[in-house]
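Listing of query28.cif, mmCIF, C-alpha atoms and all ligand atoms
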data_target
#
loop_
_atom_site.group_PDB
_atom_site.id
_atom_site.type_symbol
_atom_site.label_atom_id
_atom_site.label_comp_id
_atom_site.auth_asym_id
_atom_site.auth_seq_id
_atom_site.Cartn_x
_atom_site.Cartn_y
_atom_site.Cartn_z
ATOM 1 C CA MET A 740 0.000 0.000 0.000
ATOM 2 C CA GLY A 741 1.241 3.442 -0.883
ATOM 3 C CA ARG A 742 0.930 6.432 1.419
ATOM 4 C CA LYS A 743 -2.469 8.030 1.353
ATOM 5 C CA SER A 744 -3.371 11.402 2.772
ATOM 6 C CA GLY A 745 -6.101 11.727 5.439
ATOM 7 C CA LYS A 746 -9.364 11.237 3.608
ATOM 8 C CA LYS A 747 -11.179 14.346 4.722
ATOM 9 C CA GLY A 748 -8.158 16.415 5.709
ATOM 10 C CA LEU A 749 -8.625 19.154 8.296
ATOM 11 C CA ILE A 750 -12.346 19.298 7.518
ATOM 12 C CA GLY A 751 -12.611 15.794 8.984
ATOM 13 C CA TRP A 752 -11.886 17.234 12.428
ATOM 14 C CA ILE A 753 -15.039 19.323 12.476
ATOM 15 C CA THR A 754 -17.525 17.357 10.386
ATOM 16 C CA PRO A 755 -20.821 16.735 12.194
ATOM 17 C CA PHE A 756 -20.322 14.409 15.122
ATOM 18 C CA THR A 757 -22.417 11.518 14.021
ATOM 19 C CA ASN A 758 -20.907 9.228 16.599
ATOM 20 C CA ILE A 759 -19.283 9.699 19.969
ATOM 21 C CA GLU A 760 -15.940 8.192 18.976
ATOM 22 C CA ARG A 761 -15.530 10.835 16.322
ATOM 23 C CA LEU A 762 -16.212 13.611 18.855
ATOM 24 C CA LEU A 763 -13.772 12.067 21.337
ATOM 25 C CA TYR A 764 -11.168 11.743 18.570
ATOM 26 C CA THR A 765 -11.405 15.452 17.725
ATOM 27 C CA LEU A 766 -11.266 16.528 21.375
ATOM 28 C CA HIS A 767 -8.315 14.199 21.949
ATOM 29 C CA ARG A 768 -6.426 15.793 19.093
ATOM 30 C CA ILE A 769 -7.208 19.387 20.115
ATOM 31 C CA THR A 770 -6.266 18.741 23.754
ATOM 32 C CA GLY A 771 -3.100 16.917 22.649
ATOM 33 C CA ILE A 772 -1.938 19.917 20.629
ATOM 34 C CA GLY A 773 -2.945 22.356 23.382
ATOM 35 C CA LEU A 774 -1.108 20.377 26.057
ATOM 36 C CA THR A 775 1.991 20.257 23.871
ATOM 37 C CA LEU A 776 2.008 24.061 23.594
ATOM 38 C CA TYR A 777 1.525 24.335 27.357
ATOM 39 C CA LEU A 778 4.348 21.838 27.939
ATOM 40 C CA PHE A 779 6.852 24.094 26.162
ATOM 41 C CA ILE A 780 5.759 27.110 28.230
ATOM 42 C CA HIS A 781 5.807 24.981 31.380
ATOM 43 C CA ILE A 782 9.381 23.772 30.759
ATOM 44 C CA TYR A 783 10.498 27.389 30.339
ATOM 45 C CA GLU A 784 8.564 28.695 33.339
ATOM 46 C CA THR A 785 9.798 26.023 35.731
ATOM 47 C CA SER A 786 13.389 26.347 34.477
ATOM 48 C CA LEU A 787 13.457 29.809 36.075
ATOM 49 C CA ARG A 788 13.947 28.129 39.462
ATOM 50 C CA MET A 789 17.538 27.644 38.360
ATOM 51 C CA TYR A 790 18.221 31.352 38.971
ATOM 52 C CA GLY A 791 17.465 31.088 42.661
ATOM 53 C CA ALA A 792 14.889 32.158 45.215
ATOM 54 C CA GLU A 793 14.394 35.729 44.089
ATOM 55 C CA THR A 794 13.648 34.913 40.457
ATOM 56 C CA TRP A 795 11.375 32.085 41.529
ATOM 57 C CA ILE A 796 9.355 34.236 43.910
ATOM 58 C CA GLU A 797 8.998 36.916 41.212
ATOM 59 C CA THR A 798 7.767 34.263 38.787
ATOM 60 C CA VAL A 799 5.194 32.902 41.229
ATOM 61 C CA GLU A 800 3.965 36.418 42.005
ATOM 62 C CA PHE A 801 3.678 37.177 38.296
ATOM 63 C CA LEU A 802 1.549 34.054 37.837
ATOM 64 C CA GLU A 803 -0.595 34.792 40.894
ATOM 65 C CA ASN A 804 -3.682 36.286 39.261
ATOM 66 C CA PRO A 805 -7.125 35.075 38.149
ATOM 67 C CA ILE A 806 -6.272 35.067 34.441
ATOM 68 C CA PHE A 807 -3.344 32.650 34.820
ATOM 69 C CA HIS A 808 -5.219 30.518 37.342
ATOM 70 C CA PHE A 809 -8.155 30.267 34.965
ATOM 71 C CA GLY A 810 -5.786 29.375 32.124
ATOM 72 C CA LEU A 811 -4.254 26.689 34.306
ATOM 73 C CA LEU A 812 -7.730 25.353 35.053
ATOM 74 C CA LEU A 813 -8.317 24.928 31.301
ATOM 75 C CA VAL A 814 -4.990 23.115 30.978
ATOM 76 C CA VAL A 815 -5.874 20.766 33.843
ATOM 77 C CA LEU A 816 -9.335 20.040 32.412
ATOM 78 C CA ALA A 817 -7.745 19.333 29.018
ATOM 79 C CA ALA A 818 -5.241 16.999 30.695
ATOM 80 C CA ILE A 819 -8.024 15.162 32.549
ATOM 81 C CA PHE A 820 -9.987 14.671 29.344
ATOM 82 C CA HIS A 821 -6.917 13.636 27.338
ATOM 83 C CA GLY A 822 -5.709 11.293 30.061
ATOM 84 C CA VAL A 823 -9.029 9.563 30.684
ATOM 85 C CA ASN A 824 -9.795 9.213 26.997
ATOM 86 C CA GLY A 825 -6.211 8.079 26.373
ATOM 87 C CA ILE A 826 -6.633 5.304 28.933
ATOM 88 C CA ARG A 827 -9.855 4.299 27.179
ATOM 89 C CA LEU A 828 -7.932 4.083 23.889
ATOM 90 C CA ILE A 829 -5.131 2.059 25.487
ATOM 91 C CA LEU A 830 -7.580 -0.408 27.061
ATOM 92 C CA GLN A 831 -9.364 -0.685 23.752
ATOM 93 C CA GLU A 832 -6.105 -1.251 21.892
ATOM 94 C CA LEU A 833 -5.182 -4.019 24.320
ATOM 95 C CA GLY A 834 -8.518 -5.644 23.644
ATOM 96 C CA LEU A 835 -9.589 -5.302 27.284
ATOM 97 C CA ILE A 836 -12.784 -3.454 26.487
ATOM 98 C CA ALA A 837 -14.130 -4.738 23.245
ATOM 99 C CA PRO A 838 -12.977 -7.443 20.886
ATOM 100 C CA ARG A 839 -10.623 -6.157 18.229
ATOM 101 C CA PRO A 840 -12.420 -5.318 15.011
ATOM 102 C CA THR A 841 -12.300 -8.185 12.543
ATOM 103 C CA GLN A 842 -12.810 -8.446 8.807
ATOM 104 C CA PRO A 843 -16.515 -8.575 8.045
ATOM 105 C CA VAL A 844 -16.768 -12.046 6.551
ATOM 106 C CA TYR A 845 -20.069 -13.298 5.176
ATOM 107 C CA PRO A 846 -22.336 -14.419 6.836
ATOM 108 C CA TYR A 847 -22.063 -11.386 9.129
ATOM 109 C CA ARG A 848 -22.197 -11.984 12.852
ATOM 110 C CA LYS A 849 -24.065 -9.627 15.112
ATOM 111 C CA TYR A 850 -21.400 -7.255 16.298
ATOM 112 C CA HIS A 851 -21.094 -6.299 19.955
ATOM 113 C CA ARG A 852 -18.354 -3.728 19.600
ATOM 114 C CA ASP A 853 -20.482 -0.578 19.347
ATOM 115 C CA GLN A 854 -22.555 -1.426 22.370
ATOM 116 C CA LYS A 855 -19.456 -2.100 24.513
ATOM 117 C CA ILE A 856 -17.798 1.102 23.392
ATOM 118 C CA TRP A 857 -20.808 3.032 24.639
ATOM 119 C CA ARG A 858 -20.566 1.293 27.971
ATOM 120 C CA THR A 859 -16.859 2.084 28.314
ATOM 121 C CA THR A 860 -17.349 5.628 27.175
ATOM 122 C CA ILE A 861 -19.957 6.193 29.861
ATOM 123 C CA ILE A 862 -17.659 4.718 32.525
ATOM 124 C CA MET A 863 -14.819 6.949 31.347
ATOM 125 C CA ILE A 864 -17.040 10.048 31.333
ATOM 126 C CA ILE A 865 -18.032 9.324 34.944
ATOM 127 C CA LEU A 866 -14.376 8.806 35.892
ATOM 128 C CA GLY A 867 -13.438 12.047 34.114
ATOM 129 C CA ILE A 868 -16.151 14.013 35.919
ATOM 130 C CA GLY A 869 -14.975 12.523 39.213
ATOM 131 C CA VAL A 870 -11.406 13.702 38.669
ATOM 132 C CA ALA A 871 -12.614 17.067 37.366
ATOM 133 C CA ILE A 872 -14.566 17.707 40.580
ATOM 134 C CA PHE A 873 -11.315 17.046 42.464
ATOM 135 C CA ALA A 874 -9.528 19.668 40.357
ATOM 136 C CA LEU A 875 -12.391 22.163 40.322
ATOM 137 C CA ARG A 876 -12.415 22.465 44.094
ATOM 138 C CA ASP A 877 -8.696 23.286 44.025
ATOM 139 C CA PHE A 878 -9.217 25.986 41.437
ATOM 140 C CA MET A 879 -12.193 27.425 43.316
ATOM 141 C CA ILE A 880 -9.809 27.880 46.240
ATOM 142 C CA LEU A 881 -7.108 29.379 44.007
ATOM 143 C CA LEU A 882 -9.553 31.774 42.392
ATOM 144 C CA GLY A 883 -10.782 32.785 45.829
ATOM 145 C CA LEU A 884 -14.316 31.532 45.177
ATOM 146 C CA ILE A 885 -14.455 29.298 48.257
ATOM 147 C CA MET B 604 -3.239 8.620 13.625
ATOM 148 C CA ALA B 605 0.221 7.288 12.963
ATOM 149 C CA GLY B 606 0.955 3.619 12.532
ATOM 150 C CA GLY B 607 3.636 1.205 13.720
ATOM 151 C CA ARG B 608 6.383 2.357 16.005
ATOM 152 C CA LEU B 609 5.035 5.907 16.520
ATOM 153 C CA ARG B 610 1.727 4.487 17.633
ATOM 154 C CA LEU B 611 3.321 2.025 20.032
ATOM 155 C CA THR B 612 5.456 4.821 21.506
ATOM 156 C CA ILE B 613 2.397 7.032 22.034
ATOM 157 C CA TYR B 614 0.442 4.282 23.784
ATOM 158 C CA PHE B 615 3.312 3.148 25.979
ATOM 159 C CA THR B 616 4.374 6.627 27.086
ATOM 160 C CA GLY B 617 0.705 7.608 27.483
ATOM 161 C CA GLY B 618 0.207 4.853 30.065
ATOM 162 C CA LEU B 619 3.380 5.864 31.882
ATOM 163 C CA ILE B 620 2.434 9.563 31.911
ATOM 164 C CA ALA B 621 -1.005 8.732 33.326
ATOM 165 C CA ILE B 622 0.668 7.255 36.416
ATOM 166 C CA LEU B 623 3.380 9.910 36.800
ATOM 167 C CA LEU B 624 0.927 12.767 36.282
ATOM 168 C CA ILE B 625 -1.142 11.616 39.249
ATOM 169 C CA ILE B 626 1.920 12.097 41.472
ATOM 170 C CA HIS B 627 2.929 15.350 39.721
ATOM 171 C CA LEU B 628 -0.494 16.957 40.134
ATOM 172 C CA SER B 629 -1.200 15.579 43.613
ATOM 173 C CA LEU B 630 1.383 18.008 44.974
ATOM 174 C CA TYR B 631 -0.928 20.917 44.099
ATOM 175 C CA SER B 632 -4.037 19.449 45.627
ATOM 176 C CA PHE B 633 -5.639 21.219 48.582
ATOM 177 C CA TRP B 634 -7.342 17.895 49.324
ATOM 178 C CA LEU B 635 -4.063 16.068 49.875
ATOM 179 C CA VAL B 636 -1.493 18.680 50.872
ATOM 180 C CA GLU B 637 -1.899 21.344 53.523
ATOM 181 C CA GLY B 638 -1.826 24.635 51.595
ATOM 182 C CA GLY B 639 -1.995 22.721 48.253
ATOM 183 C CA TYR B 640 -0.745 24.848 45.385
ATOM 184 C CA TYR B 641 0.838 27.450 47.664
ATOM 185 C CA THR B 642 2.817 24.879 49.647
ATOM 186 C CA ASN B 643 4.099 23.257 46.490
ATOM 187 C CA MET B 644 5.146 26.550 44.885
ATOM 188 C CA ASP B 645 6.884 27.744 48.044
ATOM 189 C CA TRP B 646 10.615 28.253 47.461
ATOM 190 C CA SER B 647 11.701 26.077 50.389
ATOM 191 C CA ASN B 648 9.792 23.097 48.962
ATOM 192 C CA VAL B 649 10.927 23.816 45.412
ATOM 193 C CA SER B 650 14.588 23.951 46.458
ATOM 194 C CA ASN B 651 14.225 20.815 48.589
ATOM 195 C CA ARG B 652 12.940 18.918 45.574
ATOM 196 C CA MET B 653 15.765 20.321 43.459
ATOM 197 C CA ARG B 654 18.310 18.818 45.858
ATOM 198 C CA SER B 655 16.613 15.436 46.057
ATOM 199 C CA LEU B 656 17.946 12.659 43.821
ATOM 200 C CA THR B 657 14.598 10.851 43.938
ATOM 201 C CA TRP B 658 12.774 13.891 42.589
ATOM 202 C CA ASP B 659 15.491 14.407 39.964
ATOM 203 C CA ILE B 660 14.928 10.868 38.699
ATOM 204 C CA PHE B 661 11.157 11.350 38.802
ATOM 205 C CA TYR B 662 11.349 14.549 36.741
ATOM 206 C CA ILE B 663 13.807 13.072 34.234
ATOM 207 C CA ILE B 664 11.437 10.161 33.577
ATOM 208 C CA LEU B 665 8.347 12.409 33.408
ATOM 209 C CA LEU B 666 10.063 14.934 31.131
ATOM 210 C CA SER B 667 11.372 12.245 28.778
ATOM 211 C CA ALA B 668 8.061 10.398 28.635
ATOM 212 C CA VAL B 669 5.969 13.491 27.976
ATOM 213 C CA LEU B 670 8.383 14.839 25.355
ATOM 214 C CA LEU B 671 8.588 11.477 23.574
ATOM 215 C CA HIS B 672 4.786 11.237 23.681
ATOM 216 C CA SER B 673 4.110 14.728 22.307
ATOM 217 C CA TYR B 674 6.914 14.355 19.732
ATOM 218 C CA SER B 675 5.349 11.168 18.389
ATOM 219 C CA GLY B 676 1.823 12.597 18.614
ATOM 220 C CA ILE B 677 2.572 15.807 16.725
ATOM 221 C CA LYS B 678 4.703 13.964 14.158
ATOM 222 C CA GLY B 679 1.853 11.498 13.643
ATOM 223 C CA ILE B 680 -0.567 14.354 12.970
ATOM 224 C CA LEU B 681 1.840 16.058 10.551
ATOM 225 C CA TYR B 682 2.439 12.758 8.735
ATOM 226 C CA GLU B 683 -1.275 12.547 8.028
ATOM 227 C CA TYR B 684 -1.150 15.744 6.021
ATOM 228 C CA ILE B 685 2.400 15.636 4.697
ATOM 229 C CA THR B 686 2.822 12.433 2.760
ATOM 230 C CA GLY B 687 5.721 13.014 0.363
ATOM 231 C CA ASP B 688 9.196 11.712 1.218
ATOM 232 C CA ARG B 689 10.782 15.158 1.102
ATOM 233 C CA GLY B 690 8.063 16.731 3.207
ATOM 234 C CA ARG B 691 8.338 14.002 5.822
ATOM 235 C CA ARG B 692 12.086 14.423 5.970
ATOM 236 C CA ILE B 693 11.584 18.087 6.730
ATOM 237 C CA VAL B 694 9.001 17.174 9.395
ATOM 238 C CA ASP B 695 11.508 14.724 10.906
ATOM 239 C CA ILE B 696 14.304 17.274 11.009
ATOM 240 C CA VAL B 697 12.242 20.200 12.325
ATOM 241 C CA THR B 698 10.403 18.226 15.032
ATOM 242 C CA THR B 699 13.599 16.508 16.145
ATOM 243 C CA ILE B 700 15.375 19.846 16.557
ATOM 244 C CA ILE B 701 12.482 21.398 18.514
ATOM 245 C CA TRP B 702 12.054 18.439 20.855
ATOM 246 C CA VAL B 703 15.763 17.898 21.463
ATOM 247 C CA VAL B 704 16.121 21.581 22.383
ATOM 248 C CA ALA B 705 13.126 21.246 24.726
ATOM 249 C CA LEU B 706 14.669 18.144 26.307
ATOM 250 C CA ILE B 707 17.995 19.880 26.938
ATOM 251 C CA TYR B 708 16.206 22.981 28.210
ATOM 252 C CA GLY B 709 14.212 20.823 30.615
ATOM 253 C CA LEU B 710 17.165 18.731 31.761
ATOM 254 C CA ILE B 711 19.498 21.619 32.632
ATOM 255 C CA PRO B 712 17.543 22.900 35.670
ATOM 256 C CA ILE B 713 17.037 19.320 36.906
ATOM 257 C CA MET B 714 20.751 18.564 36.689
ATOM 258 C CA ALA B 715 21.778 21.977 37.999
ATOM 259 C CA GLY B 716 19.774 21.594 41.241
HETATM 260 C C1 LIG A 901 -2.423 11.752 31.007
HETATM 261 C C2 LIG A 901 -1.800 10.849 30.352
HETATM 262 C C3 LIG A 901 -1.926 10.682 28.848
HETATM 263 C C4 LIG A 901 -2.436 9.599 28.226
HETATM 264 C C5 LIG A 901 -3.010 8.345 28.882
HETATM 265 C C6 LIG A 901 -2.339 9.854 26.806
HETATM 266 C C7 LIG A 901 -2.741 8.954 25.832
HETATM 267 C C8 LIG A 901 -2.708 9.202 24.476
HETATM 268 C C9 LIG A 901 -3.089 8.254 23.459
HETATM 269 C C10 LIG A 901 -3.577 6.824 23.724
HETATM 270 C C11 LIG A 901 -2.932 8.853 22.255
HETATM 271 C C12 LIG A 901 -3.207 8.229 20.883
HETATM 272 C C13 LIG A 901 -4.561 8.654 20.372
HETATM 273 C C14 LIG A 901 -5.001 7.925 19.136
HETATM 274 O O1 LIG A 901 -4.885 6.690 19.062
HETATM 275 O O2 LIG A 901 -5.499 8.586 18.217
HETATM 276 C C15 LIG A 901 -2.442 10.194 22.498
HETATM 277 C C16 LIG A 901 -2.182 11.126 21.528
HETATM 278 C C17 LIG A 901 -1.575 12.339 21.752
HETATM 279 N N1 LIG A 901 -1.184 12.863 22.961
HETATM 280 FE FE1 LIG A 901 -1.487 11.985 24.761
HETATM 281 N N2 LIG A 901 -1.782 11.085 26.590
HETATM 282 C C18 LIG A 901 -1.495 11.639 27.821
HETATM 283 C C19 LIG A 901 -0.901 12.866 28.055
HETATM 284 C C20 LIG A 901 -0.462 13.752 27.079
HETATM 285 C C21 LIG A 901 0.254 14.992 27.326
HETATM 286 C C22 LIG A 901 0.639 15.506 28.712
HETATM 287 C C23 LIG A 901 0.487 15.559 26.096
HETATM 288 C C24 LIG A 901 1.196 16.851 25.732
HETATM 289 C C25 LIG A 901 2.240 17.300 26.314
HETATM 290 C C26 LIG A 901 -0.072 14.695 25.078
HETATM 291 C C27 LIG A 901 -0.041 14.929 23.709
HETATM 292 C C28 LIG A 901 -0.574 14.092 22.743
HETATM 293 C C29 LIG A 901 -0.599 14.375 21.325
HETATM 294 C C30 LIG A 901 -0.063 15.622 20.640
HETATM 295 C C31 LIG A 901 -1.239 13.274 20.703
HETATM 296 C C32 LIG A 901 -1.564 13.091 19.209
HETATM 297 C C33 LIG A 901 -3.032 13.348 18.997
HETATM 298 C C34 LIG A 901 -3.592 12.750 17.724
HETATM 299 O O3 LIG A 901 -2.911 12.003 17.013
HETATM 300 O O4 LIG A 901 -4.760 13.042 17.444
HETATM 301 N N3 LIG A 901 -0.645 13.599 25.701
HETATM 302 N N4 LIG A 901 -2.321 10.384 23.865
#

As structure tokens - that is how I would like this structure written.
Ligand code: HEM
Amino acid sequence: MGRKSGKKGLIGWITPFTNIERLLYTLHRITGIGLTLYLFIHIYETSLRMYGAETWIETVEFLENPIFHFGLLLVVLAAIFHGVNGIRLILQELGLIAPRPTQPVYPYRKYHRDQKIWRTTIIMIILGIGVAIFALRDFMILLGLI
Amino acid sequence: MAGGRLRLTIYFTGGLIAILLIIHLSLYSFWLVEGGYYTNMDWSNVSNRMRSLTWDIFYIILLSAVLLHSYSGIKGILYEYITGDRGRRIVDIVTTIIWVVALIYGLIPIMAG
């Protein structure tokens, strides 16, 4: 097989979400790119500790405002989504959630994959919400809301 | 999504990051640590971690895993849209330079502490 380009290209990312896996795929990709950008900033920001206490304290004070805390909240929510969905993908890849897809050979068997993916997705959404509540309380404190 | 070795790298490092990130982010939690975020960001705690070999090892593994993961992930995305040999060579060179620089930049403060 030769190399083929993505069938729908960039448009494929935003085509109507006819099934949940497609929506999760798009969100996974967007959060992956976003987290990568944050990672580069984060490596720079934390490297400033190298210059000693004074520089570090200045950095922390600079970051100590609602805009940065809110930004950090978005990063953490993106990480929770990406992490939980990533674990779902890993479990699926290992065949722990649903049987691996097989060639559709005639006569077709009734296929259980879709149903199981729904079940896993719901479990993962609940897990994600659980972790998010954990994080949200922290950010409420940081933002001075509680 | 990329195939073969890139894919395997993404899945393996993804699983590792999931575990390490729980430890990394727990430090900021007001549920688990008195003072949460503020305690963790306090200079005395930051400099203690800088001097600790255990934390150095932890950060080296986390940094490497997350950089390898994002490197493979972004390269996989770019490969979907850039399919020619020449284009992919350029992708290889540019991403490798960016991520190696990031790795060195991340390692220096860990080693310096
Ligand atoms: C919390 C732990 C994480 C897990 C379990 C995880 C898991 C995964 C998995 C399984 C994939 C492959 C998705 C697919 O098959 O299409 C993936 C893709 C990706 N991840 Fe992660 N990841 C994690 C954290 C991160 C972090 C911290 C970053 C950024 C610094 C990141 C950046 C990416 C990127 C850029 C992709 C490519 C997205 C795509 O091809 O659509 N991931 N991740």

Exercise. Could you please extract the residues within 8 Å of ligand LIG 901 (chain A), counting all atoms listed in the file, and hand them back as a PyMOL selection string?
Key: (chain A and resi 764-765+767-778+818-819+821-829) or (chain B and resi 604-605+610+613-614+616-622+624+669-670+672-677+679-680)

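Across the chains present, the PyMOL selection byres ((chain A and not hetatm) within 8 of (chain B)) applied to this file returns Arg742, Lys743, Ser744, Gly745, Gly748, Gly771, Ile772, Thr775, Phe779, Ile782, Tyr783, Ser786, Arg788, Met789, Ala792, Trp795, Ile796, Val799, Gly822, Gly825, Ile826, Ile829, Phe873, Ala874, Asp877 and Leu881 of chain A.
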
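Checking A:Val844, A:Ile880, A:Leu802, A:Leu763 one by one against Gly638 of chain B, counting only C-alpha atoms, you find the shortest gap at A:Ile880.
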
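Shortest separation to Glu760 of chain A among A:Ile861, A:Leu875, A:Leu884, A:Leu866 occurs at residue A:Ile861, atoms counted being all atoms listed in the file.
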
Self-check item: Counting only C-alpha atoms, the residue of A:Asn758, A:Asn804, A:Gln831, A:Thr794 that sits nearest Thr859 of chain A
Solution: A:Gln831

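If you look at atom CA of Leu816 of chain A and atom CA of Val870 of chain A, they are 9.1 Å away from each other.
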
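The two atoms in question, atom CA of Gln842 of chain A and atom CA of Gly607 of chain B, are spaced 19.7 Å apart.
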